[in-house]
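Participant: What follows is start05.txt; its format and atoms are compact mmCIF, C-alpha atoms.
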# COMPACT_ATOMS: atom_id res chain seq x y z
CA MET H 1 0.00 0.00 0.00
CA ASP H 2 2.80 2.39 0.93
CA GLY H 3 4.51 1.60 -2.36
CA SER H 4 1.35 2.42 -4.32
CA LEU H 5 0.94 5.73 -2.52
CA ASP H 6 4.60 6.56 -3.13
CA ALA H 7 4.23 5.76 -6.83
CA LEU H 8 1.08 7.90 -6.99
CA TRP H 9 2.85 10.80 -5.31
CA ARG H 10 5.86 10.55 -7.65
CA SER H 11 3.50 10.66 -10.67
CA MET H 12 1.99 13.97 -9.57
CA GLY H 13 3.14 17.25 -11.03
CA ILE H 14 3.47 18.93 -7.64
CA ALA H 15 6.03 16.31 -6.57
CA ASN H 16 8.18 16.90 -9.66
CA LEU H 17 7.77 20.65 -10.11
CA GLY H 18 11.08 22.47 -9.71
CA TRP H 19 11.64 26.17 -9.07
CA GLY H 20 12.97 26.64 -12.58
CA GLN H 21 9.87 25.13 -14.14
CA LEU H 22 7.62 27.24 -11.92
CA PHE H 23 9.55 30.38 -12.87
CA MET H 24 9.26 29.63 -16.60
CA MET H 25 5.52 29.04 -16.21
CA LEU H 26 5.30 32.49 -14.68
CA VAL H 27 7.32 33.86 -17.60
CA GLY H 28 4.79 32.24 -19.94
CA CYS H 29 1.96 33.90 -17.99
CA LEU H 30 3.80 37.23 -18.26
CA LEU H 31 4.06 36.89 -22.04
CA VAL H 32 0.34 36.15 -22.28
CA TRP H 33 -0.40 39.15 -20.02
CA LEU H 34 1.75 41.46 -22.19
CA ALA H 35 -0.14 40.24 -25.25
CA VAL H 36 -3.62 40.58 -23.73
CA ALA H 37 -3.24 43.64 -21.48
CA ARG H 38 -0.59 45.59 -23.42
CA ARG H 39 -1.25 44.19 -26.91
CA PHE H 40 2.47 43.46 -27.47
CA GLU H 41 2.56 41.20 -30.55
CA PRO H 42 -0.50 39.20 -29.35
CA LEU H 43 -0.56 36.90 -32.38
CA LEU H 44 2.84 35.52 -31.35
CA LEU H 45 3.13 36.11 -27.62
CA VAL H 46 -0.14 34.32 -26.73
CA PRO H 47 0.87 30.97 -28.31
CA ILE H 48 4.55 31.40 -27.26
CA GLY H 49 3.54 32.15 -23.67
CA PHE H 50 1.09 29.26 -23.47
CA GLY H 51 3.61 26.97 -25.14
CA ALA H 52 6.10 27.93 -22.42
CA ILE H 53 3.57 26.92 -19.76
CA LEU H 54 2.87 23.58 -21.45
CA SER H 55 6.55 22.79 -21.99
CA ASN H 56 7.34 23.18 -18.28
CA ILE H 57 4.62 20.88 -16.96
CA PRO H 58 6.56 18.10 -15.22
CA VAL H 59 6.13 14.45 -16.21
CA ALA H 60 3.74 15.26 -19.11
CA GLY H 61 6.53 15.52 -21.69
CA ILE H 62 4.43 17.72 -23.99
CA ALA H 63 7.54 19.37 -25.44
CA GLY H 64 9.52 16.14 -25.63
CA PRO H 65 10.38 14.26 -28.83
CA GLU H 66 7.11 12.28 -28.60
CA GLY H 67 4.96 15.10 -27.24
CA LEU H 68 2.55 17.25 -29.26
CA LEU H 69 4.73 20.37 -29.16
CA GLY H 70 7.77 18.24 -29.94
CA TYR H 71 6.11 16.98 -33.10
CA ILE H 72 5.04 20.50 -34.10
CA TYR H 73 8.59 21.77 -33.54
CA HIS H 74 10.10 18.97 -35.61
CA VAL H 75 7.67 19.38 -38.50
CA GLY H 76 7.65 23.17 -38.67
CA ILE H 77 10.82 24.57 -37.11
CA GLU H 78 13.55 21.97 -37.60
CA THR H 79 12.58 21.69 -41.26
CA GLY H 80 12.30 25.48 -41.64
CA VAL H 81 8.81 25.19 -43.13
CA PHE H 82 6.98 27.54 -40.74
CA PRO H 83 9.23 30.63 -41.20
CA LEU H 84 9.14 30.14 -44.97
CA LEU H 85 5.34 29.97 -45.04
CA ILE H 86 5.25 33.10 -42.87
CA PHE H 87 7.43 34.84 -45.46
CA MET H 88 5.00 33.82 -48.19
CA GLY H 89 2.19 35.40 -46.20
CA VAL H 90 4.24 38.55 -45.57
CA GLY H 91 4.88 38.83 -49.31
CA ALA H 92 1.16 38.49 -50.02
CA LEU H 93 0.37 41.17 -47.44
CA THR H 94 3.05 43.67 -48.54
CA ASP H 95 2.72 46.43 -51.09
CA PHE H 96 6.20 47.22 -52.45
CA SER H 97 5.01 50.32 -54.36
CA ALA H 98 6.86 52.74 -52.06
CA LEU H 99 10.15 50.91 -52.63
CA ILE H 100 9.59 50.67 -56.39
CA ALA H 101 8.73 54.39 -56.59
CA ARG H 102 11.87 55.37 -54.65
CA PRO H 103 14.49 52.60 -55.09
CA SER H 104 17.09 54.65 -53.19
CA THR H 105 15.32 53.73 -49.94
CA LEU H 106 16.78 50.25 -50.42
CA LEU H 107 19.97 51.78 -48.99
CA LEU H 108 18.12 52.57 -45.77
CA GLY H 109 16.95 48.99 -45.42
CA ALA H 110 20.50 47.81 -46.03
CA ALA H 111 22.01 50.30 -43.54
CA ALA H 112 19.65 49.14 -40.79
CA GLN H 113 21.18 45.65 -41.04
CA PHE H 114 24.51 47.06 -39.85
CA GLY H 115 23.47 46.27 -36.29
CA ILE H 116 23.44 42.56 -37.15
CA PHE H 117 27.14 42.43 -37.97
CA VAL H 118 28.18 44.71 -35.10
CA THR H 119 26.29 42.46 -32.69
CA LEU H 120 27.95 39.36 -34.12
CA ILE H 121 31.31 40.81 -33.11
CA GLY H 122 29.87 41.82 -29.72
CA ALA H 123 28.59 38.29 -29.06
CA LEU H 124 32.01 36.82 -29.75
CA ALA H 125 33.60 39.48 -27.53
CA LEU H 126 31.38 38.37 -24.63
CA ASN H 127 33.29 35.09 -24.59
CA ALA H 128 36.02 36.96 -22.73
CA ILE H 129 33.64 37.03 -19.72
CA PRO H 130 33.51 33.78 -17.70
CA GLY H 131 30.24 31.95 -18.24
CA PHE H 132 29.80 32.88 -21.90
CA ASP H 133 30.75 30.46 -24.64
CA TYR H 134 29.15 31.52 -27.92
CA THR H 135 30.33 29.79 -31.07
CA LEU H 136 30.42 31.69 -34.36
CA ALA H 137 27.14 29.98 -35.29
CA ASP H 138 25.55 31.03 -31.98
CA ALA H 139 26.75 34.62 -32.43
CA SER H 140 25.36 34.73 -35.99
CA ALA H 141 21.95 33.48 -34.88
CA ILE H 142 21.83 36.00 -32.01
CA ALA H 143 22.93 38.90 -34.22
CA ILE H 144 20.03 38.47 -36.64
CA ILE H 145 17.72 39.79 -33.89
CA GLY H 146 18.92 43.24 -34.98
CA GLY H 147 16.94 42.87 -38.19
CA ALA H 148 13.70 42.92 -36.15
CA ASP H 149 12.35 40.08 -38.27
CA GLY H 150 10.95 37.21 -36.21
CA PRO H 151 10.58 34.58 -38.97
CA THR H 152 14.11 35.25 -40.25
CA ALA H 153 15.50 35.00 -36.71
CA ILE H 154 13.71 31.67 -36.20
CA PHE H 155 14.81 30.34 -39.59
CA LEU H 156 18.48 31.17 -38.99
CA ALA H 157 18.47 30.00 -35.36
CA SER H 158 16.92 26.66 -36.36
CA ARG H 159 19.81 26.19 -38.80
CA LEU H 160 22.74 27.50 -36.75
CA ALA H 161 21.80 27.39 -33.05
CA PRO H 162 18.66 25.32 -32.35
CA ASP H 163 19.40 25.17 -28.61
CA LEU H 164 19.13 28.98 -28.44
CA LEU H 165 15.96 29.18 -30.52
CA GLY H 166 13.57 29.93 -27.65
CA ALA H 167 15.60 32.82 -26.26
CA ILE H 168 16.30 34.26 -29.73
CA ALA H 169 12.64 34.08 -30.77
CA VAL H 170 11.38 35.67 -27.55
CA ALA H 171 14.00 38.43 -27.81
CA ALA H 172 13.20 39.10 -31.48
CA TYR H 173 9.45 39.37 -31.00
CA SER H 174 9.75 41.26 -27.70
CA TYR H 175 11.88 43.98 -29.26
CA MET H 176 9.59 44.12 -32.29
CA ALA H 177 6.71 44.74 -29.89
CA LEU H 178 8.73 47.47 -28.14
CA VAL H 179 9.45 49.42 -31.35
CA PRO H 180 7.23 52.37 -30.26
CA ILE H 181 9.24 52.62 -27.03
CA ILE H 182 12.79 51.91 -28.21
CA GLN H 183 12.98 53.81 -31.50
CA PRO H 184 11.69 57.39 -30.82
CA PRO H 185 14.43 58.38 -28.32
CA ILE H 186 17.14 57.18 -30.75
CA MET H 187 15.49 59.02 -33.63
CA ARG H 188 15.25 62.28 -31.68
CA LEU H 189 18.82 61.96 -30.39
CA LEU H 190 20.32 61.61 -33.87
CA THR H 191 18.21 64.21 -35.72
CA SER H 192 17.59 67.91 -35.32
CA GLU H 193 14.16 69.54 -35.05
CA ARG H 194 14.67 71.06 -38.51
CA GLU H 195 15.44 67.66 -40.04
CA ARG H 196 12.39 66.05 -38.44
CA ARG H 197 10.16 68.78 -39.88
CA VAL H 198 11.14 68.07 -43.49
CA GLU H 199 8.12 67.33 -45.71
CA MET H 200 8.77 64.90 -48.56
CA SER H 201 7.21 65.15 -52.01
CA GLN H 202 4.51 62.72 -53.04
CA LEU H 203 5.67 59.40 -54.50
CA ARG H 204 5.10 58.73 -58.19
CA PRO H 205 2.38 56.27 -59.22
CA VAL H 206 3.62 52.71 -59.79
CA THR H 207 2.23 50.69 -62.71
CA ARG H 208 0.84 47.19 -62.45
CA THR H 209 3.57 45.93 -64.77
CA GLU H 210 6.26 47.26 -62.41
CA LYS H 211 4.60 45.54 -59.47
CA ILE H 212 4.48 42.20 -61.31
CA LEU H 213 8.09 42.45 -62.52
CA PHE H 214 9.41 43.43 -59.07
CA PRO H 215 9.32 39.93 -57.44
CA PHE H 216 11.01 38.41 -60.49
CA THR H 217 13.73 41.08 -60.39
CA VAL H 218 14.43 40.55 -56.68
CA LEU H 219 14.48 36.77 -57.09
CA ALA H 220 16.81 36.98 -60.10
CA LEU H 221 19.28 39.10 -58.13
CA CYS H 222 19.09 36.63 -55.25
CA VAL H 223 19.76 33.66 -57.54
CA ALA H 224 22.69 35.46 -59.17
CA PHE H 225 24.46 36.70 -56.05
CA LEU H 226 23.17 34.94 -52.91
CA PRO H 227 21.46 31.58 -53.52
CA SER H 228 21.61 30.76 -49.79
CA ALA H 229 18.90 33.40 -49.22
CA ALA H 230 16.68 31.89 -51.91
CA PRO H 231 14.35 30.02 -49.50
CA LEU H 232 13.35 33.25 -47.72
CA ILE H 233 13.47 35.56 -50.74
CA GLY H 234 11.77 32.97 -52.93
CA MET H 235 8.75 32.58 -50.65
CA LEU H 236 8.54 36.36 -50.09
CA THR H 237 8.50 37.07 -53.82
CA PHE H 238 6.10 34.21 -54.53
CA GLY H 239 3.64 35.59 -51.99
CA ASN H 240 3.98 39.07 -53.49
CA LEU H 241 3.39 37.70 -56.99
CA LEU H 242 0.14 36.11 -55.78
CA ARG H 243 -0.91 39.55 -54.56
CA GLU H 244 0.05 41.53 -57.66
CA ALA H 245 -0.84 39.06 -60.43
CA GLY H 246 -4.53 39.82 -60.04
CA VAL H 247 -5.64 36.42 -61.35
CA VAL H 248 -5.26 34.24 -58.23
CA GLU H 249 -7.21 36.23 -55.68
CA ARG H 250 -8.27 33.11 -53.77
CA LEU H 251 -4.68 31.98 -53.36
CA SER H 252 -3.58 35.47 -52.36
CA LYS H 253 -6.29 35.73 -49.72
CA ALA H 254 -5.42 32.26 -48.41
CA ALA H 255 -1.77 33.25 -48.05
CA GLN H 256 -2.78 36.51 -46.33
CA ASN H 257 -5.29 34.92 -43.96
CA GLU H 258 -5.85 31.20 -43.40
CA ILE H 259 -2.32 29.94 -44.11
CA ILE H 260 -0.39 32.62 -42.25
CA ASN H 261 -2.81 32.48 -39.29
CA ILE H 262 -2.53 28.69 -38.93
CA VAL H 263 1.25 28.76 -39.29
CA THR H 264 1.58 31.63 -36.81
CA LEU H 265 -0.43 29.63 -34.28
CA PHE H 266 1.73 26.52 -34.57
CA LEU H 267 4.97 28.49 -34.85
CA GLY H 268 4.25 30.26 -31.57
CA LEU H 269 3.54 26.97 -29.78
CA ALA H 270 6.69 25.40 -31.24
CA VAL H 271 8.84 28.33 -30.11
CA GLY H 272 7.23 28.17 -26.66
CA SER H 273 8.22 24.51 -26.43
CA LYS H 274 11.86 25.63 -26.30
CA LEU H 275 11.29 27.80 -23.22
CA SER H 276 11.83 24.92 -20.83
CA ALA H 277 13.69 25.78 -17.63
CA ASP H 278 16.73 23.63 -18.34
CA LYS H 279 17.37 25.39 -21.67
CA PHE H 280 16.26 28.96 -20.93
CA LEU H 281 17.53 29.74 -17.41
CA THR H 282 21.18 30.19 -18.28
CA LEU H 283 23.66 33.08 -18.29
CA GLU H 284 23.88 32.79 -22.08
CA THR H 285 20.14 33.51 -22.34
CA LEU H 286 20.58 36.78 -20.44
CA GLY H 287 23.38 37.60 -22.85
CA ILE H 288 21.03 36.99 -25.79
CA LEU H 289 18.43 39.38 -24.38
CA ALA H 290 21.06 42.09 -23.83
CA LEU H 291 22.67 41.57 -27.24
CA GLY H 292 19.25 41.62 -28.92
CA ALA H 293 18.48 45.05 -27.47
CA PHE H 294 21.93 46.27 -28.51
CA ALA H 295 21.45 44.93 -32.05
CA PHE H 296 18.06 46.58 -32.41
CA CYS H 297 19.33 49.96 -31.18
CA ILE H 298 22.36 49.85 -33.50
CA GLY H 299 20.14 48.90 -36.45
CA THR H 300 17.81 51.82 -35.78
CA ALA H 301 20.71 54.25 -35.35
CA SER H 302 22.50 53.13 -38.52
CA GLY H 303 19.28 53.53 -40.52
CA VAL H 304 18.77 57.06 -39.21
CA LEU H 305 22.40 57.98 -39.94
CA MET H 306 22.02 56.73 -43.51
CA GLY H 307 18.84 58.83 -43.69
CA LYS H 308 20.86 61.89 -42.61
CA ALA H 309 23.38 61.16 -45.38
CA MET H 310 20.57 60.94 -47.95
CA HIS H 311 19.10 64.15 -46.51
CA ARG H 312 22.34 66.00 -47.29
CA VAL H 313 22.92 64.39 -50.69
CA SER H 314 19.34 65.18 -51.78
CA GLY H 315 19.65 68.80 -50.71
CA GLY H 316 17.26 68.42 -47.80
CA LYS H 317 14.48 66.60 -49.69
CA VAL H 318 14.68 63.38 -47.63
CA ASN H 319 13.51 63.30 -44.03
CA PRO H 320 16.17 61.29 -42.14
CA LEU H 321 13.52 59.83 -39.83
CA ILE H 322 12.48 57.33 -42.50
CA GLY H 323 15.83 55.58 -42.01
CA ALA H 324 14.55 54.21 -38.70
CA ALA H 325 11.99 52.19 -40.67
CA GLY H 326 14.85 50.24 -42.26
CA VAL H 327 14.38 47.55 -39.62
CA SER H 328 11.87 45.04 -40.90
CA ALA H 329 9.18 45.39 -38.24
CA VAL H 330 6.43 45.92 -40.83
CA PRO H 331 4.43 48.14 -40.61
CA MET H 332 5.02 49.15 -36.98
CA ALA H 333 8.36 50.88 -37.61
CA ALA H 334 6.83 52.95 -40.43
CA ARG H 335 3.98 54.02 -38.14
CA VAL H 336 6.46 55.10 -35.47
CA VAL H 337 8.34 57.19 -38.05
CA ASN H 338 5.07 58.81 -39.10
CA LYS H 339 4.18 59.63 -35.49
CA VAL H 340 7.56 61.20 -34.69
CA GLY H 341 7.34 63.21 -37.90
CA LEU H 342 3.85 64.47 -37.02
CA ASP H 343 5.05 65.46 -33.54
CA ALA H 344 7.61 67.75 -35.19
CA ASN H 345 5.31 69.00 -37.95
CA PRO H 346 1.51 68.43 -37.97
CA HIS H 347 1.54 68.52 -41.80
CA ASN H 348 4.32 65.94 -42.12
CA PHE H 349 2.89 62.61 -43.28
CA LEU H 350 5.76 60.14 -43.68
CA LEU H 351 3.93 56.80 -43.58
CA MET H 352 4.15 55.95 -47.29
CA HIS H 353 7.72 57.25 -47.53
CA ALA H 354 8.71 55.12 -44.53
CA MET H 355 7.14 52.00 -46.05
CA GLY H 356 9.89 51.99 -48.70
CA PRO H 357 12.78 51.36 -46.27
CA ASN H 358 10.47 49.26 -44.09
CA VAL H 359 9.80 46.65 -46.78
CA ALA H 360 13.42 47.00 -47.93
CA GLY H 361 14.34 45.92 -44.40
CA VAL H 362 12.42 42.67 -44.91
CA ILE H 363 14.56 41.94 -47.96
CA GLY H 364 17.68 43.18 -46.17
CA SER H 365 17.22 40.90 -43.16
CA ALA H 366 16.69 37.91 -45.46
CA VAL H 367 19.85 38.80 -47.37
CA ALA H 368 21.80 39.18 -44.11
CA ALA H 369 20.54 35.76 -43.00
CA GLY H 370 21.62 34.32 -46.35
CA VAL H 371 25.10 35.80 -45.95
CA LEU H 372 25.49 34.36 -42.44
CA LEU H 373 24.11 31.00 -43.54
CA ALA H 374 26.52 30.87 -46.49
CA VAL H 375 29.57 31.91 -44.47
CA VAL H 376 28.90 30.17 -41.15
CA GLY H 377 26.50 27.37 -42.01
CA GLY H 378 28.39 26.31 -45.09
Could you spell out this file's structure in C-alpha cells?

Facilitator:
Amino acid sequence: MDGSLDALWRSMGIANLGWGQLFMMLVGCLLVWLAVARRFEPLLLVPIGFGAILSNIPVAGIAGPEGLLGYIYHVGIETGVFPLLIFMGVGALTDFSALIARPSTLLLGAAAQFGIFVTLIGALALNAIPGFDYTLADASAIAIIGGADGPTAIFLASRLAPDLLGAIAVAAYSYMALVPIIQPPIMRLLTSERERRVEMSQLRPVTRTEKILFPFTVLALCVAFLPSAAPLIGMLTFGNLLREAGVVERLSKAAQNEIINIVTLFLGLAVGSKLSADKFLTLETLGILALGAFAFCIGTASGVLMGKAMHRVSGGKVNPLIGAAGVSAVPMAARVVNKVGLDANPHNFLLMHAMGPNVAGVIGSAVAAGVLLAVVGG
C-alpha cells in the first residue's frame, strides 16, 4: 500500500515541479499578459507564452520528442517550413510600391542591417567574460535579432543554433513589440528639429507591370548573387506575386489569412516549447536578451544615420527619420516614423515614404541571413 501511494505521489506534477519550471511558467503567464493587457505582438506572444507553460509541466513531456509540441517543432521549425510559409504570407500582405517608386530607400533597409554584424562581433567578444561560450554559429543566430524580423531569426536560429531558438525568438518578438518605445528616443537623439520637420514630395504612381516584374527582379538578383537566401526571398517574392498578379485572388487571400494564421499559431507553440527551464535559465540567455536590445538599437541608429546622409545628398528633400523604418518590423516601424514626424510638424505625413525602407528591411534581413548561412552554415 505504501509503495502504491509513493508511486502515486511521484507521478503527480506537484512532486516533480522544480523552481525553474515554476519560474518559466510564470514567464509564460507574463508573455500572455503582455499580449492581452498591453497588446504586445498578441498573435505571437499568446501561443509562445502558453507553449512555455505547457513545456514546463513536469512528467507530461508535452515538449519532448514524442509530445505534441515536440512533433510540431520537428515538422515546422527543424525543417524550416513555418518561417518560410510566414514569409509567403508577408509577401502576399506587402505592397512594395513605395520601394519601387523610390528605389534609393533600399539603402536605408541595407544600412539598418549594420546592427546585425556589429552584434555578431559583440557576441564573440562576450566570450572573454567567464560563463559565456558563444560559437560563431551562436553569435550569428543572435545577431540576426537586430533585423527585427521574427521569422528570419527563427529560420536562422533553427539552422545555426537550435538550442538557443527559444531565447532568440522571444527576444526578437519582444523587441519588435517594443518598437514604439525603443525607437523614438534614438530618432530624436540623432536628428535635429529642422530635419524632423522636413516634408517629402509625393511618390510617383507605380504601374501594375512594375509591381508584377518586381518579385522576379528581386528573385533573379538573389539567384545570381546569394542563392543561400533563396528560400526566404523565394517565398517572399512568390507571396507578393500572388498579390500583384490579379488572377489568383483566392490563393492570395489564403496566403494573407488562413495559411499565415494557422502557421503563426503553430509556430508560436513550437517556439514556446523551447522555453523549458533547463534550456532557458542560463547566463547565455541573459546575454542573448542584452545583445538583442543592442542589435536593435544599432540597427535603428544606422538607418537614421544613412537617412541623414541621404538628406544631405538630396539637398534636404529626404527626411532622415524614415531611415529608422529600415528595420523590418512591418508596418510598426513605419507608423512610429510617421508619429515622430507628425510630432515635429503636424503637416508631415511620412507613412508611405517610410514604407519603402520598411519593406526594404524585410529583404535586407533575409539577405543578411543568407550571408550568415553561407559563411557560417556552409

Participant: Within 8 Å of Ala167 in chain H, counting all atoms listed in the file, which residues show up once you throw out same-chain ones fewer than 3 positions away? Write them as a list of chain:residue names, please.

Facilitator: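 Counting only the stated atoms, we get H:Leu164, H:Val170, H:Ala171, H:Leu275, H:Phe280, H:Thr285, H:Ile288, H:Leu289.
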
Participant: Need to verify the contact set: Gln256 in chain H, 7 Å, only C-alpha atoms, exclusion of same-chain residues closer than 6 positions in sequence. Can you return it as a VMD selection string?

Facilitator: chain H and resid 89 92 to 93

Participant: Which residue out of H:Cys222, H:Val90, H:Leu321, H:Leu283 has the minimum interatomic distance to Ala254 in chain H when only C-alpha atoms are used?

Facilitator: H:Val90

Participant: Pick from H:Gly70, H:Gly115, H:Pro47, H:Gly18: nearest to Leu291 in chain H, with all atoms listed in the file counted?

Facilitator: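 Going through H:Gly70, H:Gly115, H:Pro47, H:Gly18 one by one, the smallest distance to Leu291 in chain H is for H:Gly115.
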
Participant: Distance CA of Val179 in chain H-CA of Ala324 in chain H, one decimal place?

Facilitator: 10.1 Å

Participant: Closest to Pro162 in chain H among H:Ala128, H:Ile262, H:Val271, H:Leu305, using only C-alpha atoms?

Facilitator: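 Nearest candidate to Pro162 in chain H out of H:Ala128, H:Ile262, H:Val271, H:Leu305: H:Val271.
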
Participant: If you measure from CA of Arg159 in chain H to CA of Leu54 in chain H, what distance in Å do you get, rounded to one decimal?

Facilitator: 24.4 Å

Participant: Calculate how many Å separate CA of Thr105 in chain H from CA of Leu351 in chain H, rounding to one decimal.

Facilitator: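 CA of Leu351 in chain H lies at a distance of 13.4 Å from CA of Thr105 in chain H.
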
Participant: Using all atoms listed in the file, can you tell me which of H:Ala368, H:Leu286, H:Leu17, H:Ala63 comes closest to Ala123 in chain H?

Facilitator: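 Closest to Ala123 in chain H of all the choices is H:Leu286.
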
Participant: For Val218 in chain H, which residue out of H:Val367, H:Pro320, H:Ala143, H:Ala245 is the nearest one, using all atoms listed in the file?

Facilitator: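 Among H:Val367, H:Pro320, H:Ala143, H:Ala245, it is H:Val367 that comes nearest to Val218 in chain H.
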
Participant: Within 7 Å of (14.7, 28.3, -36.9), only C-alpha atoms: residues as number ranges by chain?

Facilitator: H: 77-78, 80, 153-159, 162, 165

Participant: Considering only C-alpha atoms, return as a ChimeraX atom specification whatever protein or nucleic-acid residues lie within 8 Å of Asn345 in chain H, sequence-local ones (same chain, fewer than 3 positions apart) excluded.

Facilitator: /H:196-197,341-342,348

Participant: Can you write out the residues you just picked, keeping C-alpha atoms, as a CSV table (one decimal), in the frame of the given file?

Facilitator:
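Ended up saving to part33.csv:
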chain,number,residue,atom,x,y,z
H,196,ARG,CA,12.4,66.0,-38.4
H,197,ARG,CA,10.2,68.8,-39.9
H,341,GLY,CA,7.3,63.2,-37.9
H,342,LEU,CA,3.8,64.5,-37.0
H,348,ASN,CA,4.3,65.9,-42.1

Participant: Have a look at H:Ala141, H:Pro83, H:Gln113, H:Val198 and name the one nearest to Pro346 in chain H; count only C-alpha atoms.

Facilitator: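 Closest to Pro346 in chain H of all the choices is H:Val198.
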